[in-house]
Each structure stands twice: as C-alpha cells, then as structure tokens.
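Heads up, the thing below is written out as structure tokens.
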Amino acid sequence: MIDIRQLADKTALGAAAAKLGAEAIRAAIAAKGKASIIVATGASQFEVLQNLVTADDIDWSKVTAFHLDEYVGMEITHPASFRKFLQERFVDPLGGAVAFHRINGEGDAAAEAERVSALIARHKIDVCFAGIGENCHLAFNDPPADFETDKPYIVVTLDEACRKQQMGEGWFPTLEAVPQKAISMSIRQILKSELIILSVPDERKAQAVKDAVQGKVDPMHPASIVQKHPNTVLLLDPDSASRLA
C-alpha cells in the first residue's frame, strides 16, 4: 500500500519530502554508522534538495549518494546536465562532505552503466528520492519499462513524451536538442531502496499519478511498480492529486 499524502502546495511538499528523508538518513547513521541514498533531479526536486541540504543533525560525511540518471552525450557544463544540477543544488551546499557518485554519459554509455552498477551494488540504499514523469516514467524508465532486468543501471531510449517534458520544463530550446538516450537506474534497483519518497507536484502529472496508484501494475505505466514496494510515500499537491478517485 502506497502512503499517499497531500500537501498544500509545492513548497510544503518539498519540505515534507526532505523532512521524511532526513529522518531516514539519521536513523540509518544511528543504526549502522552510515547511510546510502539516491537523489533525483528535475523541477519536482528543487524544494526537496533546498530543504534537505539544510536539515539539522546529519553528518553528511557518513552519507554516500547516487543519482538516478544522466543523458548520454551530455557535457557537465550543459544547463540540463543532471550532474551539474546535483553539484550545484546538493554537493556544493554541503561543502563536498557527501560522497557523491556521478553518472558520466559523455563517453561509452554501456561501460559507464557497468561502472556505476558495480558501485551501487556495494550499498544497501536507505532512501530514494524520486519523482514521476508526465508519461508515468520512474527515473528514465519510459514505457514500456523493463521490469525484469537485474542490472542496477541500464542504457535506455527516451520516448517522445519524455523528451517533450524536458523541453517543456525549459531545459532545452527544441525537441531536437533533447538527447534520445540516457543512462538510467533500473526499476529493480529503485525497488531495492528501504524507503522511496516520490515528490510529484503540478497538474501536468495528475494522470500519471492516477495511473501509478489506481491502475494495474504495468510496464506501460512504469511508476505503477511502486504498488509492490513495501515502503513508498507519495507526496502530492492539490493539482497532482486532482484526478484521484
């Protein structure tokens, strides 16, 4: 059962996601002396990261972080680079205290997927921060998503709806400028997280939210897989929750 919580607005949603995640990080450090997390990018994560990096009483030197995905062929200097996004909004505000494993999509994508797969395989993930795409994707697992692969990171082809979302959010000037491939954390790797926190504001995500939580578990609606996860919290605002029965 997904724990669905509706917040007043995007600002409150981000604060709630960060608070919940910070509690999980502190608990992991208290229990085993370290924590491993997954951080996400995109418009849904601005407020989450802003609140997370200012959370009290987290020893970030004991935290290892991975990110969900990165475009193939994307230079870190590009405004849409997820490495750049997380460097500026997560790593730099923490003074570099956190151990952050970046996905570098500029070279051999398959080799890079194998490299970061080997790294994350050594870690038990305590909390995964993520969102849901307009096409119901989870990370860059666009429909039909691969629910079967055990590889932690895979090279994927982005569908048109996903690429239109990236353009619509202002990361790219044209659809043609949006890369067609990415390195993405796989569905099964995401599901290995002890806690999944999904932050999903805005009306444009309302149908995807409905499909994810009230439809059948289906690779055509990749985020629906969290129905099978034992500890997922879905944070919504009134707009993104507007189509739920």
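Following the order of the structure tokens, chains are lettered A, B, ..., residues in each are numbered from 1, and ligands are numbered from 1.
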
Would you return as a list in words the members of range 158-205 of chain A that DSSP assigns to alpha helix (DSSP H) on this structure's backbone?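 Taking range 158-205 of chain A and keeping alpha helix (DSSP H) gives Glu160, Ala161, Cys162, Arg163, Lys164, Gln165, Gln166, Met167, Gly168, Ile187, Arg188, Gln189, Ile190 and Leu191 of chain A.
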
Keeping only N, CA and C atoms, take the residues you just selected and write them out as an mmCIF file, in the first residue's frame.
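Final output, saved to result-v3.cif:
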```
data_model
loop_
_atom_site.group_PDB
_atom_site.id
_atom_site.type_symbol
_atom_site.label_atom_id
_atom_site.label_comp_id
_atom_site.auth_asym_id
_atom_site.auth_seq_id
_atom_site.Cartn_x
_atom_site.Cartn_y
_atom_site.Cartn_z
ATOM 1 N N GLU A 160 9.095 10.041 -26.932
ATOM 2 C CA GLU A 160 8.820 11.428 -27.310
ATOM 3 C C GLU A 160 8.151 12.207 -26.187
ATOM 4 N N ALA A 161 7.262 11.562 -25.442
ATOM 5 C CA ALA A 161 6.580 12.248 -24.340
ATOM 6 C C ALA A 161 7.576 12.699 -23.281
ATOM 7 N N CYS A 162 8.527 11.859 -22.985
ATOM 8 C CA CYS A 162 9.571 12.206 -22.018
ATOM 9 C C CYS A 162 10.394 13.381 -22.528
ATOM 10 N N ARG A 163 10.781 13.319 -23.786
ATOM 11 C CA ARG A 163 11.622 14.371 -24.335
ATOM 12 C C ARG A 163 10.857 15.695 -24.415
ATOM 13 N N LYS A 164 9.556 15.613 -24.700
ATOM 14 C CA LYS A 164 8.739 16.832 -24.714
ATOM 15 C C LYS A 164 8.643 17.440 -23.317
ATOM 16 N N GLN A 165 8.588 16.588 -22.297
ATOM 17 C CA GLN A 165 8.553 17.105 -20.930
ATOM 18 C C GLN A 165 9.829 17.879 -20.608
ATOM 19 N N GLN A 166 10.974 17.334 -20.999
ATOM 20 C CA GLN A 166 12.242 18.007 -20.726
ATOM 21 C C GLN A 166 12.305 19.365 -21.429
ATOM 22 N N MET A 167 11.787 19.421 -22.655
ATOM 23 C CA MET A 167 11.733 20.693 -23.365
ATOM 24 C C MET A 167 10.738 21.636 -22.690
ATOM 25 N N GLY A 168 9.576 21.101 -22.322
ATOM 26 C CA GLY A 168 8.539 21.922 -21.709
ATOM 27 C C GLY A 168 8.948 22.534 -20.384
ATOM 28 N N ILE A 187 14.425 -0.231 -12.769
ATOM 29 C CA ILE A 187 13.272 -0.374 -11.889
ATOM 30 C C ILE A 187 13.611 -1.245 -10.682
ATOM 31 N N ARG A 188 14.221 -2.389 -10.917
ATOM 32 C CA ARG A 188 14.513 -3.302 -9.810
ATOM 33 C C ARG A 188 15.506 -2.706 -8.819
ATOM 34 N N GLN A 189 16.445 -1.910 -9.302
ATOM 35 C CA GLN A 189 17.376 -1.265 -8.379
ATOM 36 C C GLN A 189 16.652 -0.239 -7.516
ATOM 37 N N ILE A 190 15.766 0.536 -8.104
ATOM 38 C CA ILE A 190 14.992 1.509 -7.322
ATOM 39 C C ILE A 190 14.190 0.797 -6.236
ATOM 40 N N LEU A 191 13.606 -0.336 -6.587
ATOM 41 C CA LEU A 191 12.776 -1.071 -5.630
ATOM 42 C C LEU A 191 13.573 -1.675 -4.485
#
```

Using only C-alpha atoms, which residues of range 141-170 of chain A come within 12 Å of range 225-237 of chain A, and what is the closest atom pair for each, with the distance in Å to one decimal? Give it as CSV, sorted by chain and residue number.
```
residue,atom,partner,partner_atom,distance
A:Asn141,CA,A:Ile225,CA,11.3
A:Pro143,CA,A:Ile225,CA,11.9
A:Ala145,CA,A:Ile225,CA,9.9
A:Asp146,CA,A:Ile225,CA,10.8
A:Phe147,CA,A:Ile225,CA,8.2
A:Glu148,CA,A:Ile225,CA,11.5
```

Could you save the residues just selected, with N, CA, C and O atoms, as a compact mmCIF listing (two decimals), in the first residue's frame?
```txt
# COMPACT_ATOMS: atom_id res chain seq x y z
N ASN A 141 13.06 5.32 -16.99
CA ASN A 141 12.44 4.09 -17.47
C ASN A 141 11.10 4.45 -18.09
O ASN A 141 10.05 4.44 -17.44
N PRO A 143 7.83 4.09 -20.73
CA PRO A 143 7.04 2.93 -21.14
C PRO A 143 7.41 2.45 -22.55
O PRO A 143 7.68 3.29 -23.41
N ALA A 145 8.53 -0.06 -19.70
CA ALA A 145 9.72 -0.18 -18.87
C ALA A 145 10.12 -1.65 -18.71
O ALA A 145 9.29 -2.55 -18.77
N ASP A 146 11.40 -1.84 -18.49
CA ASP A 146 11.93 -3.18 -18.26
C ASP A 146 11.81 -3.49 -16.77
O ASP A 146 12.58 -2.98 -15.96
N PHE A 147 10.82 -4.31 -16.41
CA PHE A 147 10.62 -4.69 -15.01
C PHE A 147 11.49 -5.90 -14.62
O PHE A 147 11.49 -6.30 -13.46
N GLU A 148 12.20 -6.48 -15.57
CA GLU A 148 12.87 -7.76 -15.32
C GLU A 148 14.38 -7.67 -15.13
O GLU A 148 14.96 -8.50 -14.44
```

Once you count only C-alpha atoms, what closest atom pair and distance in Å to one decimal does each residue of range 88-171 of chain A within 8 Å of range 44-67 of chain A have, with rows by chain and rising residue number, as a Markdown table?
```
| residue | atom | partner | partner_atom | distance |
| --- | --- | --- | --- | --- |
| A:Arg89 | CA | A:Leu49 | CA | 6.5 |
| A:Phe90 | CA | A:Leu49 | CA | 6.4 |
| A:Pro93 | CA | A:Val53 | CA | 6.6 |
| A:Leu94 | CA | A:Val53 | CA | 6.3 |
| A:Ala97 | CA | A:Ser61 | CA | 4.9 |
| A:Val98 | CA | A:Trp60 | CA | 5.0 |
| A:Ala99 | CA | A:Thr64 | CA | 4.7 |
| A:Phe100 | CA | A:Ala65 | CA | 4.7 |
| A:His101 | CA | A:Phe66 | CA | 5.2 |
| A:Arg102 | CA | A:Phe66 | CA | 6.8 |
| A:Ile103 | CA | A:His67 | CA | 7.3 |
| A:Ile120 | CA | A:Phe66 | CA | 7.6 |
| A:Ala130 | CA | A:Gln45 | CA | 7.9 |
| A:Gly131 | CA | A:Ser44 | CA | 6.6 |
```

Output the selection as a PDB file, in the first residue's frame - N, CA and C atoms for each residue.
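File written: result21.pdb
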```
ATOM      1  N   ARG A  89      23.080  22.004  -6.511  1.00  0.00           N
ATOM      2  CA  ARG A  89      21.981  22.044  -5.544  1.00  0.00           C
ATOM      3  C   ARG A  89      22.135  21.079  -4.375  1.00  0.00           C
ATOM      4  N   PHE A  90      23.112  20.170  -4.474  1.00  0.00           N
ATOM      5  CA  PHE A  90      23.270  19.158  -3.429  1.00  0.00           C
ATOM      6  C   PHE A  90      24.701  19.080  -2.915  1.00  0.00           C
ATOM      7  N   PRO A  93      26.299  22.886  -1.753  1.00  0.00           N
ATOM      8  CA  PRO A  93      25.770  23.416  -0.497  1.00  0.00           C
ATOM      9  C   PRO A  93      26.220  22.635   0.746  1.00  0.00           C
ATOM     10  N   LEU A  94      26.602  21.379   0.560  1.00  0.00           N
ATOM     11  CA  LEU A  94      27.084  20.570   1.674  1.00  0.00           C
ATOM     12  C   LEU A  94      28.602  20.657   1.829  1.00  0.00           C
ATOM     13  N   ALA A  97      30.956  17.462   1.557  1.00  0.00           N
ATOM     14  CA  ALA A  97      31.080  16.459   2.617  1.00  0.00           C
ATOM     15  C   ALA A  97      30.533  15.099   2.210  1.00  0.00           C
ATOM     16  N   VAL A  98      29.498  15.103   1.369  1.00  0.00           N
ATOM     17  CA  VAL A  98      28.862  13.858   0.951  1.00  0.00           C
ATOM     18  C   VAL A  98      29.684  13.177  -0.141  1.00  0.00           C
ATOM     19  N   ALA A  99      29.722  11.841  -0.095  1.00  0.00           N
ATOM     20  CA  ALA A  99      30.355  11.078  -1.172  1.00  0.00           C
ATOM     21  C   ALA A  99      29.329  10.885  -2.275  1.00  0.00           C
ATOM     22  N   PHE A 100      29.562  11.522  -3.404  1.00  0.00           N
ATOM     23  CA  PHE A 100      28.575  11.520  -4.483  1.00  0.00           C
ATOM     24  C   PHE A 100      29.143  10.828  -5.704  1.00  0.00           C
ATOM     25  N   HIS A 101      28.493   9.767  -6.136  1.00  0.00           N
ATOM     26  CA  HIS A 101      28.924   9.012  -7.315  1.00  0.00           C
ATOM     27  C   HIS A 101      28.156   9.511  -8.541  1.00  0.00           C
ATOM     28  N   ARG A 102      28.850  10.190  -9.417  1.00  0.00           N
ATOM     29  CA  ARG A 102      28.230  10.783 -10.600  1.00  0.00           C
ATOM     30  C   ARG A 102      28.139   9.785 -11.754  1.00  0.00           C
ATOM     31  N   ILE A 103      27.084   9.920 -12.541  1.00  0.00           N
ATOM     32  CA  ILE A 103      26.986   9.202 -13.814  1.00  0.00           C
ATOM     33  C   ILE A 103      27.531  10.132 -14.891  1.00  0.00           C
ATOM     34  N   ILE A 120      27.087   0.822  -6.967  1.00  0.00           N
ATOM     35  CA  ILE A 120      25.872   0.798  -6.157  1.00  0.00           C
ATOM     36  C   ILE A 120      25.596  -0.592  -5.604  1.00  0.00           C
ATOM     37  N   ALA A 130      12.742  10.526  -5.478  1.00  0.00           N
ATOM     38  CA  ALA A 130      12.442  10.452  -6.910  1.00  0.00           C
ATOM     39  C   ALA A 130      11.148  11.204  -7.202  1.00  0.00           C
ATOM     40  N   GLY A 131      10.776  11.205  -8.476  1.00  0.00           N
ATOM     41  CA  GLY A 131       9.517  11.785  -8.913  1.00  0.00           C
ATOM     42  C   GLY A 131       8.845  10.837  -9.882  1.00  0.00           C
TER      43      GLY A 131
END
```

Would you mind listing what lies within 6 Å of range 172-181 of chain A as JSON, numbers by chain, with only C-alpha atoms counted and same-chain residues fewer than 4 positions away left out? {"A": [72, 156, 157, 158, 167]}

Report the distance between CA of Gln214 in chain A and CA of Ala16 in chain A in Å, rounded to one decimal place.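 It comes out at 23.0 Å.
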
Choose the residue, out of A:Ala80, A:Asp69, A:Leu20, A:Gly170, that has the smallest atom-to-atom separation from Ala40 in chain A; count only C-alpha atoms.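 Once distances to Ala40 in chain A are computed over only C-alpha atoms, the minimum belongs to A:Asp69.
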
Name the residues of range 67-126 of chain A that come out as strand (DSSP E) in a backbone DSSP run; write them as a PyMOL selection string. chain A and resi 67+69-71+99-101

Restrict the selected residues to N, CA, C and O atoms and save them as a PDB file, in the first residue's frame.
```
ATOM      1  N   HIS A  67      22.864   9.081  -8.118  1.00  0.00           N
ATOM      2  CA  HIS A  67      21.721   9.714  -8.772  1.00  0.00           C
ATOM      3  C   HIS A  67      21.091   8.780  -9.781  1.00  0.00           C
ATOM      4  O   HIS A  67      21.652   7.759 -10.176  1.00  0.00           O
ATOM      5  N   ASP A  69      19.852   9.152 -12.978  1.00  0.00           N
ATOM      6  CA  ASP A  69      20.025   9.086 -14.426  1.00  0.00           C
ATOM      7  C   ASP A  69      20.835  10.259 -14.951  1.00  0.00           C
ATOM      8  O   ASP A  69      21.033  11.253 -14.255  1.00  0.00           O
ATOM      9  N   GLU A  70      21.301  10.103 -16.185  1.00  0.00           N
ATOM     10  CA  GLU A  70      22.005  11.176 -16.889  1.00  0.00           C
ATOM     11  C   GLU A  70      21.880  10.935 -18.384  1.00  0.00           C
ATOM     12  O   GLU A  70      21.819   9.791 -18.848  1.00  0.00           O
ATOM     13  N   TYR A  71      21.825  12.009 -19.129  1.00  0.00           N
ATOM     14  CA  TYR A  71      21.744  11.913 -20.585  1.00  0.00           C
ATOM     15  C   TYR A  71      23.044  11.376 -21.172  1.00  0.00           C
ATOM     16  O   TYR A  71      24.136  11.702 -20.702  1.00  0.00           O
ATOM     17  N   ALA A  99      29.722  11.841  -0.095  1.00  0.00           N
ATOM     18  CA  ALA A  99      30.355  11.078  -1.172  1.00  0.00           C
ATOM     19  C   ALA A  99      29.329  10.885  -2.275  1.00  0.00           C
ATOM     20  O   ALA A  99      28.334  10.185  -2.094  1.00  0.00           O
ATOM     21  N   PHE A 100      29.562  11.522  -3.404  1.00  0.00           N
ATOM     22  CA  PHE A 100      28.575  11.520  -4.483  1.00  0.00           C
ATOM     23  C   PHE A 100      29.143  10.828  -5.704  1.00  0.00           C
ATOM     24  O   PHE A 100      30.180  11.238  -6.241  1.00  0.00           O
ATOM     25  N   HIS A 101      28.493   9.767  -6.136  1.00  0.00           N
ATOM     26  CA  HIS A 101      28.924   9.012  -7.315  1.00  0.00           C
ATOM     27  C   HIS A 101      28.156   9.511  -8.541  1.00  0.00           C
ATOM     28  O   HIS A 101      26.961   9.255  -8.686  1.00  0.00           O
TER      29      HIS A 101
END
```

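Distance annotation: of A:Met74, A:Ile25, A:Ala35, A:Val200, the residue with the minimal separation from Thr11 in chain A is A:Val200; atom set is only C-alpha atoms.
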
List the spatial neighbours of Glu75 in chain A as a ChimeraX atom specification - criterion: any atom at most 10 Å away, only C-alpha atoms, same-chain residues fewer than 2 positions off excluded. /A:71-73,77-84,104-107

Those same residues - N, CA, C and O atoms - I'd like them written as a compact mmCIF listing (two decimals), in the first residue's frame.
```
# COMPACT_ATOMS: atom_id res chain seq x y z
N TYR A 71 21.83 12.01 -19.13
CA TYR A 71 21.74 11.91 -20.58
C TYR A 71 23.04 11.38 -21.17
O TYR A 71 24.14 11.70 -20.70
N VAL A 72 22.93 10.59 -22.22
CA VAL A 72 24.09 10.14 -22.98
C VAL A 72 24.58 11.29 -23.85
O VAL A 72 23.78 11.95 -24.54
N GLY A 73 25.88 11.55 -23.80
CA GLY A 73 26.47 12.62 -24.60
C GLY A 73 26.36 14.00 -23.99
O GLY A 73 26.77 14.98 -24.63
N THR A 77 28.78 20.88 -18.43
CA THR A 77 28.57 22.32 -18.50
C THR A 77 27.20 22.68 -19.08
O THR A 77 26.77 23.83 -19.00
N HIS A 78 26.49 21.71 -19.66
CA HIS A 78 25.19 21.98 -20.26
C HIS A 78 24.18 22.29 -19.15
O HIS A 78 24.17 21.63 -18.11
N PRO A 79 23.30 23.26 -19.35
CA PRO A 79 22.32 23.61 -18.31
C PRO A 79 21.42 22.44 -17.88
O PRO A 79 20.91 22.42 -16.76
N ALA A 80 21.21 21.46 -18.79
CA ALA A 80 20.34 20.33 -18.48
C ALA A 80 21.07 19.15 -17.85
O ALA A 80 20.43 18.15 -17.50
N SER A 81 22.38 19.26 -17.68
CA SER A 81 23.14 18.15 -17.10
C SER A 81 22.68 17.85 -15.68
O SER A 81 22.61 18.75 -14.82
N PHE A 82 22.36 16.60 -15.42
CA PHE A 82 21.93 16.22 -14.07
C PHE A 82 23.10 16.23 -13.10
O PHE A 82 22.92 16.47 -11.91
N ARG A 83 24.31 15.95 -13.60
CA ARG A 83 25.49 16.09 -12.74
C ARG A 83 25.65 17.55 -12.29
O ARG A 83 25.94 17.81 -11.11
N LYS A 84 25.46 18.47 -13.22
CA LYS A 84 25.55 19.89 -12.90
C LYS A 84 24.46 20.28 -11.90
O LYS A 84 24.72 20.98 -10.90
N ASN A 104 28.52 9.65 -15.62
CA ASN A 104 29.11 10.45 -16.70
C ASN A 104 28.71 9.83 -18.03
O ASN A 104 29.20 8.77 -18.40
N GLY A 105 27.80 10.49 -18.74
CA GLY A 105 27.31 9.95 -20.00
C GLY A 105 28.07 10.41 -21.23
O GLY A 105 27.64 10.16 -22.35
N GLU A 106 29.22 11.06 -21.04
CA GLU A 106 29.93 11.65 -22.17
C GLU A 106 30.71 10.64 -23.00
O GLU A 106 31.01 10.89 -24.16
N GLY A 107 31.06 9.50 -22.40
CA GLY A 107 31.87 8.52 -23.12
C GLY A 107 31.06 7.30 -23.52
O GLY A 107 29.96 7.42 -24.07
```

Rounded to one decimal place, report the CA of Thr149 in chain A-CA of Lys205 in chain A distance in Å. 26.4 Å

Pick from A:Met220, A:Leu198, A:Leu119, A:Ala110: nearest to Ile183 in chain A, with only C-alpha atoms counted? A:Ala110

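Take CA of Phe140 in chain A and CA of Ala15 in chain A: the distance between them is 24.4 Å.
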